[in-house]
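Here is the structure we will look at, set down as structure tokens.
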Amino acid sequence: MAKGYWLATGTINDPKGFMAYAAAAEPYLGKCGAKMFIRDAHTDVREGNPGHLTVLIEFPSIEAARAAYDAPEYQEMIGLRTPNSDACFSILEEGDKLRH
């Protein structure tokens with residue numbers, strides 16, 4: 001079964017406020033079977049403007065990644081993140097999706 005991922009890039013506008021989100025999200029993600037792959041607040045951006053924050057979280061499957069995001073518990077946590085950051089958030093499935 002292919003793994004699922006959350007990929008977030010962006011900018012933290014209020015680090016102290018953002019830490020409330022991080023403190024709530026970390027144990028929640030553990031309950032979801034997720035594994036933190038990358039959490040970097042000083043991304044070496046070479047092209048584009050994705051911001052200085054990059055986070056990549058692995059889930060057992062794409063279904064698990066979607067369910068974790070859609071869960072009411074996580075939806076409440078988004079309210080802790082959004083006033084303190086500007087982010088682009090994607091859910092991806094492992095594998096080469098450009099192959100024909």
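Residues are referred to by chain and number: the chain letter is A, B, ... according to the order shown in the structure tokens, the number counts from 1 in that chain, and ligands are numbered separately from 1 in the order shown.
Every protein or nucleic acid residue with an atom no more than 7 Å from A:Cys32, counting only C-alpha atoms and leaving out same-chain residues fewer than 3 positions away, appears here: Tyr28, Leu29 and Ala68 of chain A.
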> Could you pull the residues within 9 Å of A:Thr43, counting only C-alpha atoms, minus those fewer than 4 positions along the same chain, as a ChimeraX atom specification?
Replying inline: /A:51-54
>> Give me, as number ranges by chain, all polymer residues having an atom no more than 12 Å from A:Ala67, counting only C-alpha atoms and skipping those fewer than 3 positions away in the same chain.
In response: A: 4-6, 29, 32-34, 59-64, 70-75, 91
> Could you pull out all residues of stretch 9-41 of chain A with a DSSP call of alpha helix (DSSP H) and give them as a PyMOL selection string?
Replying inline: chain A and resi 15-31
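For the pair atom CA of A:Ile78 and atom CA of A:Ala24, the separation is 10.1 Å.
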> Of the candidates A:Glu93, A:Ala25, A:Ala20, A:Met77, which one gets nearest to A:Met1 if we count only C-alpha atoms?
Replying inline: A:Glu93
Using only C-alpha atoms, what does the table of stretch 3-64 of chain A residues within 8 Å of stretch 79-83 of chain A look like, with each row giving the shortest atom pair and its distance in Å to one decimal, sorted by chain and ascending number, as a tab-separated table?
residue	atom	partner	partner_atom	distance
A:Gly17	CA	A:Leu80	CA	7.6
A:Phe18	CA	A:Arg81	CA	5.8
A:Ala20	CA	A:Leu80	CA	6.6
A:Tyr21	CA	A:Leu80	CA	5.0
>> Applying 10 Å and only C-alpha atoms, which residues near A:Phe37 remain after dropping the ones on its own chain fewer than 4 positions away? List them as a PyMOL selection string.
In response: chain A and resi 5+55-58
Just the selected residues (N, CA, C and O atoms), exported as a compact mmCIF listing (two decimals), in the first residue's frame, please.
# COMPACT_ATOMS: atom_id res chain seq x y z
N TYR A 5 1.18 11.48 2.42
CA TYR A 5 2.01 12.53 3.01
C TYR A 5 1.25 13.84 3.12
O TYR A 5 0.41 14.15 2.28
N VAL A 55 7.51 21.29 5.97
CA VAL A 55 7.15 20.15 6.82
C VAL A 55 6.67 19.01 5.92
O VAL A 55 5.84 19.23 5.03
N LEU A 56 7.21 17.82 6.13
CA LEU A 56 6.77 16.63 5.40
C LEU A 56 6.48 15.55 6.44
O LEU A 56 7.35 15.17 7.23
N ILE A 57 5.22 15.06 6.44
CA ILE A 57 4.77 14.06 7.41
C ILE A 57 4.26 12.85 6.65
O ILE A 57 3.45 12.99 5.73
N GLU A 58 4.72 11.66 7.04
CA GLU A 58 4.32 10.42 6.38
C GLU A 58 3.21 9.73 7.17
O GLU A 58 3.26 9.65 8.39
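In terms of minimum interatomic distance to A:Thr11, A:Asp86 ranks closest within A:Glu47, A:Asp86, A:Asp40, A:Glu76, counting only C-alpha atoms.
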> What residues in chain A get the DSSP label strand (DSSP E or B)? Please answer as a ChimeraX atom specification.
Replying inline: /A:4-12,35-40,53-59,85-93
Hey, can you spit out that residue selection with N, CA, C and O atoms as a CSV table (one decimal), in the first residue's frame?
chain,number,residue,atom,x,y,z
A,4,GLY,N,0.9,7.9,2.4
A,4,GLY,CA,0.4,9.2,2.2
A,4,GLY,C,1.2,10.2,2.9
A,4,GLY,O,1.9,9.9,3.9
A,5,TYR,N,1.2,11.5,2.4
A,5,TYR,CA,2.0,12.5,3.0
A,5,TYR,C,1.2,13.8,3.1
A,5,TYR,O,0.4,14.1,2.3
A,6,TRP,N,1.6,14.6,4.2
A,6,TRP,CA,1.2,16.0,4.3
A,6,TRP,C,2.5,16.8,3.9
A,6,TRP,O,3.5,16.5,4.5
A,7,LEU,N,2.3,17.7,3.0
A,7,LEU,CA,3.4,18.6,2.7
A,7,LEU,C,3.0,20.0,2.9
A,7,LEU,O,2.0,20.5,2.4
A,8,ALA,N,3.7,20.7,3.8
A,8,ALA,CA,3.3,22.1,4.1
A,8,ALA,C,4.6,23.0,3.9
A,8,ALA,O,5.7,22.6,4.3
A,9,THR,N,4.4,24.1,3.2
A,9,THR,CA,5.4,25.1,3.0
A,9,THR,C,4.8,26.4,3.4
A,9,THR,O,3.6,26.7,3.2
A,10,GLY,N,5.6,27.3,3.9
A,10,GLY,CA,5.1,28.6,4.2
A,10,GLY,C,6.0,29.5,5.1
A,10,GLY,O,7.2,29.2,5.2
A,11,THR,N,5.3,30.4,5.8
A,11,THR,CA,6.0,31.4,6.6
A,11,THR,C,5.3,31.4,8.0
A,11,THR,O,4.1,31.5,8.0
A,12,ILE,N,6.1,31.4,9.0
A,12,ILE,CA,5.6,31.5,10.4
A,12,ILE,C,5.6,33.0,10.7
A,12,ILE,O,6.7,33.6,10.7
A,35,LYS,N,4.5,9.9,10.8
A,35,LYS,CA,5.9,10.0,11.1
A,35,LYS,C,6.4,11.3,10.6
A,35,LYS,O,6.2,11.6,9.4
A,36,MET,N,7.0,12.2,11.4
A,36,MET,CA,7.6,13.4,10.9
A,36,MET,C,8.9,13.1,10.2
A,36,MET,O,9.8,12.6,10.7
A,37,PHE,N,8.9,13.5,8.9
A,37,PHE,CA,10.1,13.3,8.0
A,37,PHE,C,11.0,14.5,8.1
A,37,PHE,O,12.2,14.4,8.2
A,38,ILE,N,10.3,15.7,7.8
A,38,ILE,CA,11.1,16.9,7.7
A,38,ILE,C,10.3,18.0,8.5
A,38,ILE,O,9.1,18.1,8.3
A,39,ARG,N,11.0,18.7,9.3
A,39,ARG,CA,10.4,19.9,9.9
A,39,ARG,C,11.5,20.9,10.0
A,39,ARG,O,12.4,20.9,10.8
A,40,ASP,N,11.5,21.9,9.0
A,40,ASP,CA,12.7,22.8,8.8
A,40,ASP,C,12.1,24.2,8.8
A,40,ASP,O,11.3,24.6,7.9
A,53,LEU,N,9.5,27.8,5.9
A,53,LEU,CA,9.1,26.6,6.6
A,53,LEU,C,8.7,25.5,5.7
A,53,LEU,O,8.0,25.7,4.7
A,54,THR,N,9.3,24.3,5.9
A,54,THR,CA,8.9,23.1,5.1
A,54,THR,C,8.6,22.0,6.1
A,54,THR,O,9.5,21.7,7.0
A,55,VAL,N,7.5,21.3,6.0
A,55,VAL,CA,7.1,20.1,6.8
A,55,VAL,C,6.7,19.0,5.9
A,55,VAL,O,5.8,19.2,5.0
A,56,LEU,N,7.2,17.8,6.1
A,56,LEU,CA,6.8,16.6,5.4
A,56,LEU,C,6.5,15.5,6.4
A,56,LEU,O,7.4,15.2,7.2
A,57,ILE,N,5.2,15.1,6.4
A,57,ILE,CA,4.8,14.1,7.4
A,57,ILE,C,4.3,12.9,6.7
A,57,ILE,O,3.4,13.0,5.7
A,58,GLU,N,4.7,11.7,7.0
A,58,GLU,CA,4.3,10.4,6.4
A,58,GLU,C,3.2,9.7,7.2
A,58,GLU,O,3.3,9.6,8.4
A,59,PHE,N,2.2,9.2,6.4
A,59,PHE,CA,1.1,8.4,7.0
A,59,PHE,C,1.2,7.0,6.4
A,59,PHE,O,1.7,6.8,5.3
A,85,SER,N,0.5,31.9,10.7
A,85,SER,CA,1.3,31.5,9.6
A,85,SER,C,0.6,31.7,8.3
A,85,SER,O,-0.7,31.7,8.3
A,86,ASP,N,1.3,31.7,7.2
A,86,ASP,CA,0.8,31.6,5.9
A,86,ASP,C,1.4,30.4,5.3
A,86,ASP,O,2.6,30.2,5.2
A,87,ALA,N,0.5,29.4,4.8
A,87,ALA,CA,1.0,28.1,4.4
A,87,ALA,C,0.3,27.6,3.2
A,87,ALA,O,-0.9,28.0,2.9
A,88,CYS,N,1.0,26.8,2.5
A,88,CYS,CA,0.4,26.0,1.4
A,88,CYS,C,0.4,24.5,1.9
A,88,CYS,O,1.5,24.1,2.4
A,89,PHE,N,-0.7,23.9,1.9
A,89,PHE,CA,-0.8,22.5,2.5
A,89,PHE,C,-1.4,21.6,1.5
A,89,PHE,O,-2.4,21.8,0.9
A,90,SER,N,-0.6,20.5,1.2
A,90,SER,CA,-1.0,19.5,0.2
A,90,SER,C,-1.0,18.1,0.9
A,90,SER,O,-0.3,17.8,1.8
A,91,ILE,N,-1.9,17.2,0.3
A,91,ILE,CA,-1.9,15.8,0.7
A,91,ILE,C,-1.5,15.0,-0.6
A,91,ILE,O,-2.1,15.2,-1.6
A,92,LEU,N,-0.5,14.2,-0.4
A,92,LEU,CA,0.1,13.5,-1.6
A,92,LEU,C,0.2,12.0,-1.3
A,92,LEU,O,0.2,11.6,-0.2
A,93,GLU,N,0.2,11.3,-2.4
A,93,GLU,CA,0.4,9.8,-2.3
A,93,GLU,C,1.7,9.4,-2.9
A,93,GLU,O,2.2,10.0,-3.9
